[in-house]
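Only one structure is covered here, and it is reproduced in the block below.
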Amino acid sequence: DKDKNNSDEVNKSDDRGIAFGTSVAYDDAYGNVDTTEYVSSLPTDAEETSGSKFLSELRDTGIAENDRAHPSTRAAMESQQRAADDDKNVQEHYRDRQFHREGVTDGMTFKETMQLRAMEEEKSRLLQELEEVDKSKRSNENKTAPAPAPPPAKQARRRRRWDDNASQAAVVSDVETGSSHPTTSTTTTSSSRRRRWDETPVATPAADANVDATPLYSSSNKAQTWDETPMASTSTATLPTASTGTATRKRSRWDSTPAPSSSSMTAATPLPHMMIGGATPSIPITKMQTEMNARNFPWTEAAVSSILPGPEEGYKILMPPDSYKPLRTPGRKLLSTPTPSMTPAGFIMNDPETMDRQSTAAAAELYGVQALEATATTLTDGTELPFIKSEDYQYFGKLTSEVDESSLTKEQKKERMIMMLLLKIKCGTPPQRKSAMRQITDKARDFGASLLFQQILPLLSSPTLEDQERHLLVKVIDRVLYKLDELVRPYVSRILNVIEPLLIDEDYYARMEAREIISNLSKAAGLPTMIATMRPHIDAPDEYVRNVTARAFAVVAGALGVSQLLPFLKAVCRSKKSWQARHTGIKIVQQIASLMGCAVLPYLNDLVEVVSIGISPQQQHDQNKVRIMSALTLAALAEAAHPYGIESFDAVIRPLWLGVRQLRSKALAAYLKAIGFIIPLMEEGYAAHYTRQVMPILIREFQSPDEEMKKIVLKVIQQCIATDGVDAAYIRSEVLEDFFKNFWVRRMALDRRNHEQVVLTTVELANQVGSSDVLSRIVDDLKDDSEPYRRMVIETVQKVLSNLGAGDVDARLEERLIDGVLYAFQEQAVVDYGSAGTGTGVNGGGFGRDGQVMLDGFGTVVNSLGERSKPYLKQIAGTIKWRLNNKSAAVRMQAADLVGRIASVMKICKEDALMGHLGVVLYEYLGEEYPEVLGSILGALRAIVNVIGMTKMTPPIRDLLPRLTPIMRNRHEKVQENCIDLVGRIADRGAEYVSAKEWMRICFELLEMLKAHKKAIRRAAVSTFGYIAKAIGPQDVLHTLLNNLKVQDRQMRVCTTVAIAIVAESCGPFTVLPAVMNEYRVPELNIQNGVLKALSFMFEYIGDMARDYIFAIAPLLEDALMDRDPVHRQTGCTTVKHLALGVTGLGCEDALIHLLNFVWPNIFEESPHVIRAVFDAVEGLMVGLGPTVILRYTLQGLFHPARKVREVYWKVFNTLYIFSSDALVMGYPVLDAAENDAQGQNGQDTINVIKDKVQDEKEDFNSVSNNLYTRTTLELFI
């Protein structure tokens, strides 16, 4: 009856017609159900013990019985049931499982659950087979472990489903504990059921713990359910038993969940309840995790033996050695998701220093040296070494090992010393580097060339060498070469092998440094050694070797002189041994021309004679490479000699002309290039003649498919039509049609080099025939479908109009031009390069070169047309407003930049209303989020303010300036520069529209701008201070600036002093000087130095106004020039220099002489900055007082017995003699007669003659004798 009732209930539920998995409401699925049948409370212990409907239903379905059975038993039972049941029973069983199945806890659907169970059954069968094979093999080898007999356990009291595991004792079977107690009955275990909602057992090694445990996986014969998470164990797991004598309960797979134990850290992926300590997993095991566990289950010995051959095939299974320790982190743990149970709480970044040390230690171990613990190493003698990077251990690893210095030989000590110095130079601090550089230079000859280059050259060829490190090593080699001189000769070959490849490096600075090294090497070793070293490489079969050798010889020629190398070049180019030698010799001449430029003019005849051998008609056909290289070399020589030297090429013009008529392909391209560079050197008549002769050949080659030939043809046309002898009519009739037909095609716009050459040649054609002839042929292409082609057209239009203007552009061409430019500007695809990660986008450079070409072209067209563009301005403004609202930041920025380009044209066209409207639009966009776009908007506003004026500006200045104040806090350079410039224009022209309080607020913001890295920003900020001070008075501004002198940042203090000086210039020195001089009384070095520097800039700016303040400022300068601080004296001398230059010729000589007496004692300073300032002051005073006054101070020390004193005085005298030698004549002292006699002159006779003459003329002798000039000892000495 019970079964019948259940079946009727199932049929009723099935008649409802709701398909499985259909999303419907509860009432639609179940109707109006009586809610009194719902469970409203949990059952008590007695109700659970007496049994429940749930358990009976679970027992009837047979699911729990099957689940807890052994895998092999469950598989057999299910197999028998499938064979015995007919289709009807199978359907009933399916419906029964469908409506009475257990709740799914892992989020899987019913279909996934059934598939998972089928997979588990198959795994159970396979496991049983593998265990049987493993068991049989172990029994044969007598290595099987005895399995304990499974005794029954006593029945324990069933706990409530919500009991806490800490307050109840666990119930575990004797089978799981492995005990040997006798059992009463095995049926007791099967009858005592475990509820599926009981607590999760927790595994623990303690035998007396009162928590349930998950069975651990081991190699014993104990049965295990595959649904349980496997846990590794090296021995049979011992689980706790209950203290009460109750029967053992068997487990269902829903009861067993893995839990942390002493061995769980080496198990599979940690589960969520390991983190939170709960009894029930908070996150279910997903299907993917289950599949990963199944795939990565450890291999058994039987499975491995079934794949690999065994003893039967003659192989032996080797046992691992005793010292072997297996890897405790298997590969499958890589699939484990990291959780807080395995990692520290929170996110932890790796310490770069720790990682660097770990990599360094690994590198040290790799190279067999001792690893370091500290960042800097201290040797036994107390010397500190810089940190050694991991890639440098192969060079400096020996320094880290402790050695006995006394046991080392002399050579080994030198080697360690060189190694230590190079390490300091490469990786040390600036003081370490400077000291090491000086030591290695001074001791270069003691170390010897062999040891030095043995250490330096491998470092220089290291692939991990940085640019700065390479530069330092180049400096080392330069200084070492200078010291070693001729000792370097045996090592020239080794040095060149390392340095020559740098001559063709992609980095420009690497090429320059290679040239510098080879130049110094050739000076040290001499030309014979260099030739002997590189001679074998001249005829090398490898073209790479010959190329770098030619470049090295060119550097040698530049260092030692072309004349020294000419005999060798003549011999090489006449060589009959191999064509490679002649090819390399001619290439050397080409590199000399490229390297030296117009310096080849003195040797042009000889060099052309050397090369002319290669283009002679006697050359064989198989020596085509020599012929081509000769023509290219002549082209390089002509390019270097332009516009001189046509006489030197007379001998090669005829062979070149014959070659142009006869040759084809690459040889013709080379000969055309040579002709193209020689024609511009000719006179007008000859240039026109040769141009007309060569033009048919060039036009024929317009259709050549060779890209290199096209480049050369374009270049030759550009050079030929640029000569004065070619008239415009010939170009219109012969060249233009074919040129535009063959070169103005879409394909030429795709190649960057072709693109540029076509544009340059077209611009040169326009220069000869006028802009209208060229523009009319390409203006319609502004509407072409290809954007690269449109870009090439607008670039050409921009260059043509920039050079020639729009004077010959008629009305129709003007309309086509504006229409095409508008179309091209609107249809362009502006790329936001910042989002592409190129570093040149909205966050760091704008809209790229393509967008810049369009912007420049549009702006140039509008500015060239001027007033003629007035009819189109409204349409242009509409386009700008539309693009200002674009979602792309690059488009908005381009539109704002265009406003700045055409603002002046709007003013010329008297479109003030349109400009005011654009100003309002731009004002509304001041909330732009991208700084590059905001900077362009500010630049556009600045352009409008400049041309429209303050009174007509909309929005009004009083509304605009408060919006600019917070923008000044933006740290983007473009925003800062444009914003400060705009504020400065307003302060200069419309300060009255803004309150003084607002200007003071801006002053405080400007102080931060003085820290900017860009000089233009600092300059604009300083100038704005002057405008604001002029507008609101200097007092408040000066107070702000003087307070700023107290900061520690030197750059800010210097900019503040400049601002003070500009305020003094704008408002008058008398408004600033009292406060500045009063500030000097503060006994703080930074403030006093700032005051002196402010005075220095002030006197530099105010010029001759300083005559009114020189006497007031003299006591302050006295104190500064006597101060112990050298910076005080240095800045004081600079102030004296500007003061003396300002008051020259204004009657202030007495004050200048007074200041000179304080400056002069400082001429013996040794600090380079101080002595430079002192000599600047002396030179300034030389202008203000005259050279004779300084000469009187100088004469007293010229013949001082101390050499250091003499050197300083002679240095001052040399300065006087260089700048004003003629004015010194009247200041030379008059020598007495005895000294004149010593020089072989009779001075007394001369005086007597003059005395008689003076008496005759009745003049006073004394007045003449004072002006008497005789040759002095000083002048004779000079």
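Please note that chains go A, B, ... in the order of the structure tokens, that every chain numbers its residues from 1, and that ligands are numbered from 1 in the order shown.
Residues within 6 Å of Gly1026 of chain A, counting only C-alpha atoms and excluding same-chain residues fewer than 3 positions away, are Ser1023, Ala1029, Ile1062, Val1063 and Ser1066 of chain A.
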Dump of N, CA and C atoms for the selected residues, as a JSON list (two decimals), in the first residue's frame:
```json
[["chain", "number", "residue", "atom", "x", "y", "z"],
["A", 1023, "SER", "N", 57.80, 85.67, -15.04],
["A", 1023, "SER", "CA", 57.30, 86.86, -15.73],
["A", 1023, "SER", "C", 55.93, 87.27, -15.19],
["A", 1029, "ALA", "N", 52.74, 92.06, -9.84],
["A", 1029, "ALA", "CA", 53.28, 93.10, -8.96],
["A", 1029, "ALA", "C", 53.00, 94.48, -9.53],
["A", 1062, "ILE", "N", 62.60, 90.66, -11.19],
["A", 1062, "ILE", "CA", 61.64, 91.13, -12.19],
["A", 1062, "ILE", "C", 60.63, 92.09, -11.56],
["A", 1063, "VAL", "N", 60.25, 91.81, -10.32],
["A", 1063, "VAL", "CA", 59.38, 92.75, -9.61],
["A", 1063, "VAL", "C", 60.08, 94.10, -9.45],
["A", 1066, "SER", "N", 59.95, 95.85, -12.74],
["A", 1066, "SER", "CA", 58.61, 96.32, -13.12],
["A", 1066, "SER", "C", 58.16, 97.50, -12.28]]
```
Enumerate the residues of segment 1115-1202 of chain A with a DSSP assignment of helix (DSSP H, G or I), computed from the backbone, and present them as number ranges by chain. A: 1115-1121, 1126-1142, 1149-1164, 1168-1185, 1187-1195
Mind checking which residues fall within 10 Å of Leu750 of chain A, counting only C-alpha atoms, ignoring those fewer than 6 positions away in the same chain, and posting them as a list of chain:residue names? A:Ser786, A:Glu787, A:Pro788, A:Tyr789, A:Met792
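Taking atom CA of Ser772 of chain A and atom CA of Arg700 of chain A as endpoints, the distance between them is 26.3 Å.
Closest approach to Tyr482 of chain A from the set A:Lys907, A:His1169, A:Arg445, A:Arg849 is made by A:Arg445, with distances taken over only C-alpha atoms.
Ranking A:Met893, A:Ala722, A:Val793, A:Val589 by their shortest atom-to-atom distance to Val769 of chain A, with only C-alpha atoms included, puts A:Ala722 first.
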Spatial neighbours of Met419 of chain A, 7 Å, only C-alpha atoms, chain gap at least 4 places, as an mmCIF file with N, CA and C atoms, in the first residue's frame:
```cif
data_model
loop_
_atom_site.group_PDB
_atom_site.id
_atom_site.type_symbol
_atom_site.label_atom_id
_atom_site.label_comp_id
_atom_site.auth_asym_id
_atom_site.auth_seq_id
_atom_site.Cartn_x
_atom_site.Cartn_y
_atom_site.Cartn_z
ATOM 1 N N PHE A 396 83.407 39.991 -12.366
ATOM 2 C CA PHE A 396 83.900 40.474 -11.076
ATOM 3 C C PHE A 396 83.690 39.462 -9.953
ATOM 4 N N GLU A 415 95.741 42.356 -11.306
ATOM 5 C CA GLU A 415 94.480 41.951 -11.910
ATOM 6 C C GLU A 415 93.300 42.253 -10.983
ATOM 7 N N LEU A 423 84.985 47.769 -11.493
ATOM 8 C CA LEU A 423 83.695 47.593 -10.837
ATOM 9 C C LEU A 423 83.201 48.915 -10.258
ATOM 10 N N GLN A 455 90.689 42.934 -19.150
ATOM 11 C CA GLN A 455 89.514 43.153 -18.314
ATOM 12 C C GLN A 455 88.488 44.071 -18.993
#
```
Quick one: everything within 10 Å of Phe677 of chain A, counting only C-alpha atoms, minus sequence neighbours fewer than 6 positions away in the same chain. Send it as a list in words. Leu634, Ala635, Ala636, Leu637, Ala638, Glu639, Ala640, Ala641, His642, Pro643, Lys715, Val716, Gln719 and Cys720 of chain A
Dump of C-alpha atoms for the selected residues, as a PDB file, in the first residue's frame:
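Output contents, as saved in again.pdb:
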```pdb
ATOM      1  CA  LEU A 634      81.587  60.189 -56.557  1.00  0.00           C
ATOM      2  CA  ALA A 635      78.075  61.149 -55.505  1.00  0.00           C
ATOM      3  CA  ALA A 636      79.199  61.323 -51.866  1.00  0.00           C
ATOM      4  CA  LEU A 637      82.234  63.447 -52.801  1.00  0.00           C
ATOM      5  CA  ALA A 638      80.095  65.849 -54.837  1.00  0.00           C
ATOM      6  CA  GLU A 639      77.557  66.124 -52.011  1.00  0.00           C
ATOM      7  CA  ALA A 640      80.332  66.884 -49.514  1.00  0.00           C
ATOM      8  CA  ALA A 641      81.979  69.485 -51.769  1.00  0.00           C
ATOM      9  CA  HIS A 642      78.769  71.337 -52.732  1.00  0.00           C
ATOM     10  CA  PRO A 643      78.748  74.033 -54.108  1.00  0.00           C
ATOM     11  CA  LYS A 715      66.251  62.853 -55.902  1.00  0.00           C
ATOM     12  CA  VAL A 716      67.966  63.581 -59.230  1.00  0.00           C
ATOM     13  CA  GLN A 719      68.498  68.447 -57.760  1.00  0.00           C
ATOM     14  CA  CYS A 720      68.376  69.118 -61.491  1.00  0.00           C
TER      15      CYS A 720
END
```
Can you pull out the residues contacting segment 598-604 of chain A? Cut-off 12 Å, using only C-alpha atoms, and skip same-chain residues under 4 positions away; I want them as a short mmCIF file (atom, residue, chain, number, x, y, z; two decimals) with C-alpha atoms, in the first residue's frame.
```
data_model
loop_
_atom_site.label_atom_id
_atom_site.label_comp_id
_atom_site.auth_asym_id
_atom_site.auth_seq_id
_atom_site.Cartn_x
_atom_site.Cartn_y
_atom_site.Cartn_z
CA ALA A 554 87.72 56.58 -42.57
CA ALA A 557 91.93 59.26 -41.91
CA GLY A 558 89.92 61.85 -40.02
CA GLY A 561 94.80 63.38 -41.86
CA VAL A 562 93.64 62.31 -45.31
CA SER A 563 97.00 63.19 -46.80
CA GLN A 564 98.69 60.52 -44.65
CA LEU A 565 96.34 57.84 -45.95
CA LEU A 566 96.24 58.86 -49.63
CA VAL A 589 86.84 57.17 -49.80
CA GLN A 590 83.03 57.19 -49.62
CA GLN A 591 83.11 56.95 -45.83
CA ILE A 592 85.73 59.71 -45.64
CA ALA A 593 83.44 61.99 -47.64
CA SER A 594 80.45 61.16 -45.43
CA VAL A 608 88.43 61.78 -57.34
CA GLU A 609 91.52 60.47 -59.12
CA VAL A 610 91.57 57.43 -56.81
CA VAL A 611 87.91 56.68 -57.47
CA SER A 612 87.98 57.36 -61.20
CA THR A 633 81.50 57.43 -53.94
CA LEU A 634 81.59 60.19 -56.56
CA ALA A 636 79.20 61.32 -51.87
CA LEU A 637 82.23 63.45 -52.80
CA ALA A 638 80.10 65.85 -54.84
CA GLU A 639 77.56 66.12 -52.01
CA ALA A 640 80.33 66.88 -49.51
CA ALA A 641 81.98 69.48 -51.77
CA HIS A 642 78.77 71.34 -52.73
CA PRO A 643 78.75 74.03 -54.11
CA TYR A 644 82.46 73.95 -54.95
CA GLY A 645 84.84 71.62 -56.73
CA ILE A 646 83.35 71.11 -60.18
CA GLU A 647 86.86 71.31 -61.65
CA SER A 648 87.86 68.16 -59.78
CA PHE A 649 85.08 66.15 -61.47
CA ASP A 650 85.96 67.07 -65.06
#
```
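Here atom CA of Leu408 of chain A and atom CA of Glu486 of chain A stand 29.1 Å from one another.
The two atoms in question, atom CA of Val1225 of chain A and atom CA of Gly1145 of chain A, are spaced 20.8 Å apart.
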Do you know which residues are at most 12 Å from Phe743 of chain A counting only C-alpha atoms, after dropping those on the same chain fewer than 2 positions away, and could you put them as a PyMOL selection string? chain A and resi 699+701-705+707+710-711+713-714+735-741+745-749+754-759+761-762+778+789+792
Export of prior selection with N, CA and C atoms as a compact mmCIF listing (two decimals), in the first residue's frame:
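Final output, saved to again.txt:
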```txt
# COMPACT_ATOMS: atom_id res chain seq x y z
N ILE A 699 62.85 60.42 -67.31
CA ILE A 699 61.43 60.19 -67.60
C ILE A 699 61.19 58.75 -68.00
N GLU A 701 62.76 56.25 -66.82
CA GLU A 701 62.83 55.44 -65.60
C GLU A 701 61.69 55.75 -64.63
N PHE A 702 60.80 56.68 -65.00
CA PHE A 702 59.64 56.91 -64.15
C PHE A 702 58.82 55.64 -63.96
N GLN A 703 58.81 54.81 -64.98
CA GLN A 703 57.99 53.61 -64.97
C GLN A 703 58.72 52.39 -64.44
N SER A 704 59.92 52.58 -63.90
CA SER A 704 60.69 51.45 -63.39
C SER A 704 59.99 50.84 -62.17
N PRO A 705 59.93 49.52 -62.10
CA PRO A 705 59.30 48.89 -60.92
C PRO A 705 60.21 48.85 -59.71
N GLU A 707 62.02 50.02 -56.57
CA GLU A 707 61.78 51.09 -55.60
C GLU A 707 63.02 51.95 -55.41
N LYS A 710 63.34 54.40 -58.17
CA LYS A 710 62.40 55.51 -58.04
C LYS A 710 62.92 56.55 -57.07
N LYS A 711 63.48 56.11 -55.97
CA LYS A 711 64.02 57.07 -54.99
C LYS A 711 65.12 57.91 -55.62
N VAL A 713 65.68 58.49 -58.85
CA VAL A 713 65.14 59.35 -59.91
C VAL A 713 64.49 60.59 -59.31
N LEU A 714 63.73 60.42 -58.24
CA LEU A 714 63.10 61.56 -57.59
C LEU A 714 64.15 62.53 -57.05
N VAL A 735 58.23 67.83 -68.00
CA VAL A 735 58.38 67.04 -66.77
C VAL A 735 57.05 66.84 -66.04
N LEU A 736 56.25 67.91 -65.91
CA LEU A 736 55.11 67.87 -65.00
C LEU A 736 54.15 66.73 -65.31
N GLU A 737 53.78 66.59 -66.59
CA GLU A 737 52.75 65.62 -66.94
C GLU A 737 53.15 64.20 -66.56
N ASP A 738 54.34 63.82 -66.98
CA ASP A 738 54.81 62.46 -66.69
C ASP A 738 55.07 62.27 -65.20
N PHE A 739 55.53 63.32 -64.53
CA PHE A 739 55.83 63.19 -63.11
C PHE A 739 54.57 62.89 -62.30
N PHE A 740 53.53 63.68 -62.52
CA PHE A 740 52.30 63.46 -61.75
C PHE A 740 51.61 62.17 -62.16
N LYS A 741 51.78 61.76 -63.40
CA LYS A 741 51.15 60.53 -63.85
C LYS A 741 51.76 59.30 -63.19
N VAL A 745 50.48 58.56 -57.18
CA VAL A 745 49.59 57.41 -57.12
C VAL A 745 49.52 56.94 -55.68
N ARG A 746 48.50 56.14 -55.37
CA ARG A 746 48.28 55.73 -53.98
C ARG A 746 49.43 54.91 -53.43
N ARG A 747 50.05 54.09 -54.30
CA ARG A 747 51.08 53.18 -53.82
C ARG A 747 52.29 53.93 -53.27
N MET A 748 52.57 55.10 -53.82
CA MET A 748 53.72 55.87 -53.35
C MET A 748 53.50 56.40 -51.94
N ALA A 749 52.24 56.56 -51.53
CA ALA A 749 51.96 57.10 -50.21
C ALA A 749 52.13 56.07 -49.11
N ASN A 754 59.47 56.84 -49.86
CA ASN A 754 58.94 57.34 -51.12
C ASN A 754 58.02 58.53 -50.91
N HIS A 755 57.20 58.43 -49.89
CA HIS A 755 56.27 59.52 -49.55
C HIS A 755 57.04 60.83 -49.36
N GLU A 756 58.08 60.84 -48.57
CA GLU A 756 58.83 62.06 -48.28
C GLU A 756 59.52 62.60 -49.53
N GLN A 757 60.09 61.70 -50.33
CA GLN A 757 60.82 62.16 -51.51
C GLN A 757 59.88 62.73 -52.56
N VAL A 758 58.70 62.14 -52.71
CA VAL A 758 57.72 62.68 -53.65
C VAL A 758 57.29 64.07 -53.21
N VAL A 759 57.07 64.27 -51.92
CA VAL A 759 56.66 65.58 -51.42
C VAL A 759 57.75 66.61 -51.67
N THR A 761 60.20 66.58 -53.88
CA THR A 761 60.36 66.87 -55.31
C THR A 761 59.22 67.73 -55.83
N THR A 762 58.00 67.46 -55.38
CA THR A 762 56.85 68.26 -55.82
C THR A 762 56.98 69.71 -55.34
N ILE A 778 46.73 68.44 -57.84
CA ILE A 778 46.59 67.51 -56.72
C ILE A 778 45.46 67.86 -55.78
N TYR A 789 47.12 58.61 -48.85
CA TYR A 789 47.29 59.46 -50.03
C TYR A 789 46.79 60.87 -49.75
N MET A 792 49.42 62.64 -47.81
CA MET A 792 50.54 63.08 -48.64
C MET A 792 50.17 64.34 -49.41
```
